[in-house]
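What's in target-v6.json: JSON, C-alpha atoms
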[["chain", "number", "residue", "atom", "x", "y", "z"],
["A", 1, "LEU", "CA", 274.26, 255.45, 121.77],
["A", 2, "HIS", "CA", 274.58, 259.15, 120.88],
["A", 3, "TYR", "CA", 272.54, 261.24, 118.50],
["A", 4, "MET", "CA", 273.03, 265.03, 118.20],
["A", 5, "GLU", "CA", 275.34, 264.90, 121.26],
["A", 6, "GLU", "CA", 272.48, 263.54, 123.37],
["A", 7, "PRO", "CA", 273.13, 260.09, 124.89],
["A", 8, "THR", "CA", 270.45, 257.47, 124.52],
["A", 9, "ILE", "CA", 270.75, 254.84, 127.23],
["A", 10, "TYR", "CA", 269.24, 251.43, 126.51],
["A", 11, "THR", "CA", 268.77, 249.19, 129.52],
["A", 12, "SER", "CA", 269.12, 245.44, 129.49],
["A", 13, "ASP", "CA", 265.32, 245.15, 129.61],
["A", 14, "ASN", "CA", 264.98, 247.05, 126.33],
["A", 15, "ILE", "CA", 267.59, 244.87, 124.65],
["A", 16, "LEU", "CA", 266.14, 241.60, 125.94],
["A", 17, "VAL", "CA", 262.60, 242.54, 124.94],
["A", 18, "ALA", "CA", 263.83, 243.53, 121.47],
["A", 19, "PHE", "CA", 265.58, 240.18, 121.03],
["A", 20, "MET", "CA", 262.48, 238.44, 122.33],
["A", 21, "PHE", "CA", 260.66, 239.57, 119.20],
["A", 22, "LEU", "CA", 263.06, 237.52, 117.11],
["A", 23, "ARG", "CA", 260.94, 234.53, 118.09],
["A", 24, "ILE", "CA", 258.32, 235.86, 115.68],
["A", 25, "THR", "CA", 260.48, 234.45, 112.87],
["A", 26, "PHE", "CA", 259.35, 230.98, 114.03],
["A", 27, "LEU", "CA", 255.71, 231.87, 113.37],
["A", 28, "PRO", "CA", 255.75, 230.88, 109.64],
["A", 29, "ARG", "CA", 257.33, 227.56, 110.61],
["A", 30, "ILE", "CA", 254.59, 226.91, 113.17],
["A", 31, "ILE", "CA", 251.87, 227.72, 110.64],
["A", 32, "ALA", "CA", 253.53, 225.41, 108.11],
["A", 33, "GLU", "CA", 253.70, 222.56, 110.62],
["A", 34, "ILE", "CA", 250.04, 222.98, 111.54],
["A", 35, "THR", "CA", 248.76, 223.13, 107.97],
["A", 36, "LEU", "CA", 250.71, 221.11, 105.39],
["A", 37, "MET", "CA", 254.04, 219.89, 106.75],
["A", 38, "GLY", "CA", 252.29, 217.89, 109.44],
["A", 39, "GLN", "CA", 250.53, 215.69, 106.87],
["A", 40, "ASP", "CA", 252.31, 212.49, 105.82],
["A", 41, "ILE", "CA", 250.63, 212.38, 102.42],
["A", 42, "ALA", "CA", 252.11, 215.79, 101.61],
["A", 43, "HIS", "CA", 255.63, 214.51, 102.30],
["A", 44, "VAL", "CA", 255.02, 211.41, 100.15],
["A", 45, "MET", "CA", 253.74, 213.43, 97.18],
["A", 46, "ALA", "CA", 256.58, 215.94, 97.53],
["A", 47, "LYS", "CA", 259.12, 213.12, 97.52],
["A", 48, "PHE", "CA", 257.77, 211.50, 94.36],
["A", 49, "SER", "CA", 257.38, 214.89, 92.66],
["A", 50, "HIS", "CA", 260.97, 215.83, 93.56],
["A", 51, "ILE", "CA", 259.81, 218.93, 95.44],
["A", 52, "GLN", "CA", 261.33, 220.11, 98.70],
["A", 53, "LEU", "CA", 258.54, 220.51, 101.21],
["A", 54, "ASP", "CA", 259.89, 223.33, 103.35],
["A", 55, "THR", "CA", 258.47, 226.34, 105.14],
["A", 56, "TRP", "CA", 258.82, 228.63, 102.12],
["A", 57, "PHE", "CA", 256.85, 226.22, 99.91],
["A", 58, "VAL", "CA", 254.04, 225.95, 102.45],
["A", 59, "MET", "CA", 253.85, 229.71, 102.98],
["A", 60, "ARG", "CA", 253.68, 230.34, 99.24],
["A", 61, "SER", "CA", 250.84, 227.86, 98.91],
["A", 62, "LEU", "CA", 249.01, 229.51, 101.81],
["A", 63, "PHE", "CA", 249.51, 232.97, 100.33],
["A", 64, "ILE", "CA", 247.78, 231.77, 97.16],
["A", 65, "ALA", "CA", 245.08, 229.56, 98.69],
["A", 66, "ASN", "CA", 244.32, 231.43, 101.92],
["A", 67, "PHE", "CA", 244.48, 235.23, 101.87],
["A", 68, "THR", "CA", 243.70, 235.29, 105.59],
["A", 69, "THR", "CA", 247.22, 234.02, 106.30],
["A", 70, "VAL", "CA", 248.74, 237.05, 104.58],
["A", 71, "VAL", "CA", 246.52, 239.43, 106.54],
["A", 72, "PHE", "CA", 247.37, 237.68, 109.81],
["A", 73, "LEU", "CA", 251.15, 237.82, 109.23],
["A", 74, "ILE", "CA", 250.97, 241.46, 108.17],
["A", 75, "GLY", "CA", 249.01, 242.29, 111.33],
["A", 76, "VAL", "CA", 251.52, 240.52, 113.55],
["A", 77, "ALA", "CA", 254.44, 242.25, 111.81],
["A", 78, "VAL", "CA", 252.83, 245.70, 112.09],
["A", 79, "PHE", "CA", 252.13, 245.46, 115.83],
["A", 80, "SER", "CA", 255.57, 243.94, 116.51],
["A", 81, "ILE", "CA", 257.52, 246.52, 114.51],
["A", 82, "ALA", "CA", 255.54, 249.32, 116.19],
["A", 83, "TYR", "CA", 256.57, 248.01, 119.59],
["A", 84, "LEU", "CA", 260.21, 247.70, 118.48],
["A", 85, "ILE", "CA", 260.18, 251.35, 117.37],
["A", 86, "LEU", "CA", 258.71, 252.25, 120.77],
["A", 87, "LEU", "CA", 261.59, 250.40, 122.48],
["A", 88, "CYS", "CA", 264.10, 252.26, 120.32],
["A", 89, "GLU", "CA", 262.62, 255.72, 120.78],
["A", 90, "ARG", "CA", 261.38, 255.77, 124.38],
["A", 91, "PRO", "CA", 264.87, 255.96, 126.02],
["A", 92, "TYR", "CA", 265.72, 259.10, 123.99],
["A", 93, "PRO", "CA", 265.89, 262.08, 126.42],
["A", 94, "HIS", "CA", 263.84, 264.44, 124.21],
["A", 95, "VAL", "CA", 261.36, 261.92, 122.91],
["A", 96, "ASP", "CA", 257.90, 263.36, 122.39],
["A", 97, "ASP", "CA", 255.29, 261.74, 120.17],
["A", 98, "LEU", "CA", 256.98, 258.35, 119.75],
["A", 99, "SER", "CA", 256.87, 257.70, 123.47],
["A", 100, "GLU", "CA", 253.32, 256.36, 122.97],
["A", 101, "TYR", "CA", 252.54, 253.04, 121.30],
["A", 102, "THR", "CA", 249.64, 254.40, 119.26],
["A", 103, "ASN", "CA", 251.93, 256.95, 117.57],
["A", 104, "CYS", "CA", 254.51, 254.25, 116.85],
["A", 105, "LEU", "CA", 251.73, 252.12, 115.36],
["A", 106, "TRP", "CA", 250.67, 255.08, 113.21],
["A", 107, "LEU", "CA", 254.26, 255.56, 112.00],
["A", 108, "THR", "CA", 254.56, 251.86, 111.18],
["A", 109, "ILE", "CA", 251.34, 251.75, 109.16],
["A", 110, "ILE", "CA", 252.11, 254.95, 107.26],
["A", 111, "THR", "CA", 255.61, 253.67, 106.44],
["A", 112, "ILE", "CA", 254.48, 250.18, 105.37],
["A", 113, "THR", "CA", 251.83, 251.63, 103.05],
["A", 114, "THR", "CA", 254.55, 253.89, 101.52],
["A", 115, "VAL", "CA", 252.48, 257.00, 102.29],
["A", 116, "GLY", "CA", 254.96, 258.70, 104.62],
["A", 117, "TYR", "CA", 253.23, 261.86, 105.88],
["A", 118, "GLY", "CA", 256.35, 262.93, 107.81],
["A", 119, "ASP", "CA", 254.39, 264.08, 110.85],
["A", 120, "LEU", "CA", 256.26, 261.56, 113.02],
["A", 121, "VAL", "CA", 260.02, 261.03, 112.65],
["A", 122, "PRO", "CA", 262.28, 258.74, 114.72],
["A", 123, "GLN", "CA", 265.07, 260.61, 116.51],
["A", 124, "THR", "CA", 267.46, 257.81, 117.42],
["A", 125, "THR", "CA", 269.79, 255.98, 115.05],
["A", 126, "VAL", "CA", 268.41, 252.59, 116.04],
["A", 127, "GLY", "CA", 264.87, 253.87, 115.56],
["A", 128, "ARG", "CA", 265.69, 255.10, 112.07],
["A", 129, "VAL", "CA", 267.25, 251.75, 111.19],
["A", 130, "ALA", "CA", 264.08, 250.02, 112.41],
["A", 131, "THR", "CA", 261.98, 252.40, 110.29],
["A", 132, "ILE", "CA", 264.11, 251.63, 107.20],
["A", 133, "LEU", "CA", 263.59, 247.91, 107.77],
["A", 134, "ASN", "CA", 259.90, 248.63, 108.20],
["A", 135, "ALA", "CA", 259.82, 250.36, 104.81],
["A", 136, "CYS", "CA", 261.56, 247.41, 103.13],
["A", 137, "ILE", "CA", 259.15, 244.96, 104.71],
["A", 138, "GLY", "CA", 256.28, 247.19, 103.60],
["A", 139, "VAL", "CA", 257.28, 246.79, 99.94],
["A", 140, "VAL", "CA", 257.09, 243.01, 100.33],
["A", 141, "PHE", "CA", 253.73, 243.16, 102.11],
["A", 142, "VAL", "CA", 252.21, 245.46, 99.49],
["A", 143, "SER", "CA", 253.36, 243.03, 96.78],
["A", 144, "LEU", "CA", 251.76, 240.11, 98.64],
["A", 145, "ILE", "CA", 248.50, 242.02, 99.05],
["A", 146, "ILE", "CA", 248.40, 242.91, 95.35],
["A", 147, "ASN", "CA", 249.13, 239.30, 94.43],
["A", 148, "GLY", "CA", 246.35, 238.09, 96.73],
["A", 149, "VAL", "CA", 243.84, 240.56, 95.31],
["A", 150, "VAL", "CA", 244.75, 239.58, 91.74],
["A", 151, "ALA", "CA", 244.38, 235.89, 92.61],
["A", 152, "ARG", "CA", 240.91, 236.57, 94.06],
["A", 153, "VAL", "CA", 239.75, 238.70, 91.13],
["A", 154, "LYS", "CA", 241.15, 236.41, 88.44],
["A", 155, "MET", "CA", 238.54, 234.16, 86.88],
["A", 156, "ALA", "CA", 238.71, 230.40, 87.30],
["A", 157, "PRO", "CA", 239.20, 228.26, 84.16],
["A", 158, "GLN", "CA", 235.53, 227.18, 84.28],
["A", 159, "GLU", "CA", 234.42, 230.82, 84.49],
["A", 160, "GLU", "CA", 236.68, 231.77, 81.57],
["A", 161, "LYS", "CA", 235.15, 228.97, 79.50],
["A", 162, "ILE", "CA", 231.65, 230.30, 80.20],
["A", 163, "LEU", "CA", 232.72, 233.79, 79.18],
["A", 164, "GLU", "CA", 234.38, 232.48, 76.01],
["A", 165, "PHE", "CA", 231.25, 230.50, 75.14],
["A", 166, "VAL", "CA", 229.10, 233.61, 75.53],
["A", 167, "ASN", "CA", 231.53, 235.69, 73.45],
["A", 168, "ARG", "CA", 231.54, 233.11, 70.66],
["A", 169, "GLY", "CA", 227.74, 233.16, 70.69],
["A", 170, "GLU", "CA", 227.77, 236.94, 70.37],
["A", 171, "LYS", "CA", 230.20, 236.73, 67.48],
["A", 172, "ARG", "CA", 228.02, 234.16, 65.69],
["A", 173, "LYS", "CA", 225.05, 236.44, 66.21],
["A", 174, "ALA", "CA", 227.02, 239.39, 64.82],
["A", 175, "VAL", "CA", 227.94, 237.34, 61.72],
["A", 176, "LYS", "CA", 224.29, 236.41, 61.16],
["A", 177, "ASN", "CA", 223.14, 240.01, 61.54],
["A", 178, "ALA", "CA", 225.87, 241.24, 59.19],
["A", 179, "ALA", "CA", 224.93, 238.59, 56.60],
["A", 180, "ALA", "CA", 221.25, 239.53, 56.84],
["A", 181, "LEU", "CA", 222.13, 243.20, 56.41],
["A", 182, "VAL", "CA", 224.22, 242.37, 53.32],
["A", 183, "MET", "CA", 221.34, 240.47, 51.78],
["A", 184, "GLN", "CA", 218.93, 243.32, 52.58],
["A", 185, "LYS", "CA", 221.15, 246.02, 51.05],
["A", 186, "MET", "CA", 221.90, 243.92, 47.98],
["A", 187, "PHE", "CA", 218.21, 243.17, 47.40],
["A", 188, "LYS", "CA", 217.26, 246.83, 47.75],
["A", 189, "GLN", "CA", 219.96, 247.85, 45.29],
["A", 190, "TYR", "CA", 218.89, 245.10, 42.89],
["A", 191, "MET", "CA", 215.29, 246.31, 42.93],
["A", 192, "LYS", "CA", 216.45, 249.91, 42.45],
["A", 193, "ASN", "CA", 218.59, 248.87, 39.47],
["A", 194, "LYS", "CA", 215.61, 247.04, 38.03],
["A", 195, "VAL", "CA", 213.43, 250.16, 38.27],
["A", 196, "ASP", "CA", 216.18, 252.39, 36.86],
["A", 197, "ARG", "CA", 216.79, 249.99, 33.99],
["A", 198, "ALA", "CA", 213.09, 250.02, 33.11],
["A", 199, "ALA", "CA", 213.16, 253.83, 33.15],
["A", 200, "GLY", "CA", 216.25, 253.90, 30.97],
["A", 201, "LYS", "CA", 218.49, 255.28, 33.73],
["A", 202, "LYS", "CA", 222.07, 254.28, 34.45],
["A", 203, "THR", "CA", 222.44, 251.45, 36.97],
["A", 204, "ILE", "CA", 225.20, 250.62, 39.45],
["A", 205, "VAL", "CA", 226.70, 247.18, 39.96],
["A", 206, "VAL", "CA", 225.23, 245.83, 43.20],
["A", 207, "ALA", "CA", 228.54, 244.76, 44.77],
["A", 208, "LYS", "CA", 230.16, 248.14, 43.99],
["A", 209, "HIS", "CA", 227.51, 250.32, 45.57],
["A", 210, "PRO", "CA", 228.98, 252.18, 48.62],
["A", 211, "ARG", "CA", 226.24, 251.00, 51.00],
["A", 212, "VAL", "CA", 226.60, 247.38, 49.89],
["A", 213, "ARG", "CA", 230.38, 247.61, 50.04],
["A", 214, "ASN", "CA", 230.31, 248.95, 53.62],
["A", 215, "VAL", "CA", 228.08, 246.16, 54.90],
["A", 216, "LEU", "CA", 230.24, 243.62, 53.07],
["A", 217, "ILE", "CA", 233.32, 244.94, 54.85],
["A", 218, "SER", "CA", 231.50, 244.69, 58.19],
["A", 219, "PHE", "CA", 230.43, 241.13, 57.39],
["A", 220, "ARG", "CA", 234.01, 240.07, 56.52],
["A", 221, "GLN", "CA", 235.32, 241.58, 59.75],
["A", 222, "SER", "CA", 232.72, 239.75, 61.85],
["A", 223, "LEU", "CA", 233.45, 236.50, 60.04],
["A", 224, "ALA", "CA", 237.21, 236.92, 60.58],
["A", 225, "GLN", "CA", 236.68, 237.49, 64.32],
["A", 226, "LEU", "CA", 234.55, 234.35, 64.56],
["A", 227, "LYS", "CA", 237.18, 232.28, 62.73],
["A", 228, "GLN", "CA", 239.93, 233.62, 64.99],
["A", 229, "ALA", "CA", 237.89, 232.68, 68.06],
["A", 230, "GLN", "CA", 237.44, 229.15, 66.69],
["A", 231, "ILE", "CA", 241.19, 228.89, 66.00],
["A", 232, "ASP", "CA", 241.98, 230.03, 69.55],
["A", 233, "GLN", "CA", 239.55, 227.47, 70.94],
["A", 234, "ALA", "CA", 241.19, 224.70, 68.90],
["A", 235, "GLY", "CA", 244.62, 225.79, 70.15],
["A", 236, "GLU", "CA", 243.48, 225.73, 73.77],
["A", 237, "GLN", "CA", 242.01, 222.26, 73.31],
["A", 238, "PHE", "CA", 245.30, 221.05, 71.81],
["A", 239, "GLN", "CA", 247.25, 222.48, 74.75],
["A", 240, "SER", "CA", 244.86, 220.80, 77.18],
["A", 241, "ILE", "CA", 245.36, 217.45, 75.46],
["A", 242, "MET", "CA", 249.16, 217.81, 75.56],
["A", 243, "PHE", "CA", 248.99, 218.80, 79.25],
["A", 244, "MET", "CA", 246.85, 215.75, 80.06],
["A", 245, "GLU", "CA", 249.28, 213.46, 78.17],
["A", 246, "ALA", "CA", 252.21, 214.89, 80.16],
["A", 247, "LYS", "CA", 250.35, 214.36, 83.43],
["A", 248, "VAL", "CA", 249.52, 210.77, 82.46],
["A", 249, "MET", "CA", 253.21, 210.11, 81.75],
["A", 250, "GLU", "CA", 254.17, 211.61, 85.12],
["A", 251, "LEU", "CA", 251.58, 209.44, 86.84],
["A", 252, "GLU", "CA", 252.88, 206.31, 85.11],
["A", 253, "GLN", "CA", 256.43, 207.18, 86.18],
["A", 254, "MET", "CA", 255.25, 207.74, 89.75],
["A", 255, "ILE", "CA", 253.49, 204.36, 89.78],
["A", 256, "LYS", "CA", 256.69, 202.67, 88.56],
["A", 257, "GLU", "CA", 258.71, 204.31, 91.32],
["A", 258, "ILE", "CA", 256.18, 203.27, 93.94],
["A", 259, "HIS", "CA", 256.29, 199.70, 92.58],
["A", 260, "LYS", "CA", 260.09, 199.63, 92.70],
["A", 261, "SER", "CA", 260.20, 200.93, 96.26],
["A", 262, "THR", "CA", 257.57, 198.39, 97.32],
["A", 263, "VAL", "CA", 259.43, 195.48, 95.68],
["A", 264, "SER", "CA", 262.77, 196.53, 97.19],
["A", 265, "LYS", "CA", 261.24, 196.53, 100.66]]
Write-out of the structure in structure tokens:
Amino acid sequence: LHYMEEPTIYTSDNILVAFMFLRITFLPRIIAEITLMGQDIAHVMAKFSHIQLDTWFVMRSLFIANFTTVVFLIGVAVFSIAYLILLCERPYPHVDDLSEYTNCLWLTIITITTVGYGDLVPQTTVGRVATILNACIGVVFVSLIINGVVARVKMAPQEEKILEFVNRGEKRKAVKNAAALVMQKMFKQYMKNKVDRAAGKKTIVVAKHPRVRNVLISFRQSLAQLKQAQIDQAGEQFQSIMFMEAKVMELEQMIKEIHKSTVSK
């Protein structure tokens, strides 16, 4: 191969070692066989659920359930791509920094993380193609990492229920405090009107006094928020009931299929 009129000679060893790394594509399949695809019960449940139990399904489940798998695959990919870039760049006659594995590893990490300092640049055409592929793979890896972090930070349904229970308690407390404040302001204004009436002064209707009106508005807002929270809770309960009914129907259908297959045998 030629780049800037300088020939880059790749020996058979470089080519064979580069192709040897293609065996890394079998790594997800091996992990899938060790974890889920090697279990008979998983194949039975996938068959009755009409789900294809393949490598992609297992890897997706591992990405969600076990974040360590994502970190492991990213680590393997980073070290492998760095070595491939080293194989592509080392035969170049004027190679400088990328003749060392540590620099190739630095270039791979900076490219995958989409930082791209530009301090190290591949000089060969094959090396640049490998770096482009590295950048594309980096976008996928960053997405997987973000998805894994979100899955870890996201609250479980039981935790969300606890938080909702606490929030509803706070809203009930706010309604009680607003109601007590309304009663206090109205009583004070009533007593003031009583004194003014005895003195022959002009009185103000209790409900129309600005202070009473403001606390009434606050009370209505708190009450509306509490009612909306109760409505949302009722809607979630209804959805849960419908979900459970659907699951029961699926279970009944699965039992019928198992019975038919048993009778036919």
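The two atoms in question, atom CA of Tyr92 of chain A and atom CA of Arg128 of chain A, are spaced 12.6 Å apart.
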Q: Determine, counting all atoms listed in the file, which protein, DNA and RNA residues have an atom within 12 Å of an atom of segment 154-164 of chain A; residues of the same chain fewer than 6 positions away are not included. Present the result as a list in words.
A: Ile64, Ile146, Asn147, Gly148, Glu170, Lys171, Leu226, Ala229, Gln230, Asp232, Gln233, Glu236, Gln237 and Ser240 of chain A
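Between atom CA of Phe141 of chain A and atom CA of Ile74 of chain A there is a distance of 6.9 Å.
Here atom CA of Asp96 of chain A and atom CA of Leu22 of chain A stand 26.9 Å from one another.
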Q) Leaving out Phe21 of chain A and any residue of its chain fewer than 6 positions from it, which residues lie within 10 Å of it when counting all atoms listed in the file, given as a list in words? A) Ser80, Ile81, Tyr83 and Leu84 of chain A
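Using all atoms listed in the file, the protein and nucleic acid residues lying no more than 8 Å from Leu216 of chain A, apart from those fewer than 3 places from it along its own chain, are Ala178, Val182, Val212, Arg213, Phe219 and Arg220 of chain A.
Shortest atom-to-atom contact with Lys173 of chain A among A:Ala77, A:Ala207, A:Leu120, A:Leu223: A:Leu223, counting all atoms listed in the file.
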Q. Taking into account all atoms listed in the file, which residue in the set A:Met254, A:Phe238, A:Arg29, A:Gly118 is nearest to Lys47 of chain A?
A. A:Met254
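By only C-alpha atoms, and with residues fewer than 4 positions from Glu89 of chain A along its chain excluded, the set lying at most 9 Å from it is Thr8, Leu84, Ile85, Val95, Leu98, Ser99, Pro122, Gln123, Thr124, Val126 and Gly127 of chain A.
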Store the residues picked out above, limited to C-alpha atoms, as a short mmCIF file (atom, residue, chain, number, x, y, z; two decimals), in the coordinates of the input.
data_model
loop_
_atom_site.label_atom_id
_atom_site.label_comp_id
_atom_site.auth_asym_id
_atom_site.auth_seq_id
_atom_site.Cartn_x
_atom_site.Cartn_y
_atom_site.Cartn_z
CA THR A 8 270.45 257.47 124.52
CA LEU A 84 260.21 247.70 118.48
CA ILE A 85 260.18 251.35 117.37
CA VAL A 95 261.36 261.92 122.91
CA LEU A 98 256.98 258.35 119.75
CA SER A 99 256.87 257.70 123.47
CA PRO A 122 262.28 258.74 114.72
CA GLN A 123 265.07 260.61 116.51
CA THR A 124 267.46 257.81 117.42
CA VAL A 126 268.41 252.59 116.04
CA GLY A 127 264.87 253.87 115.56
#
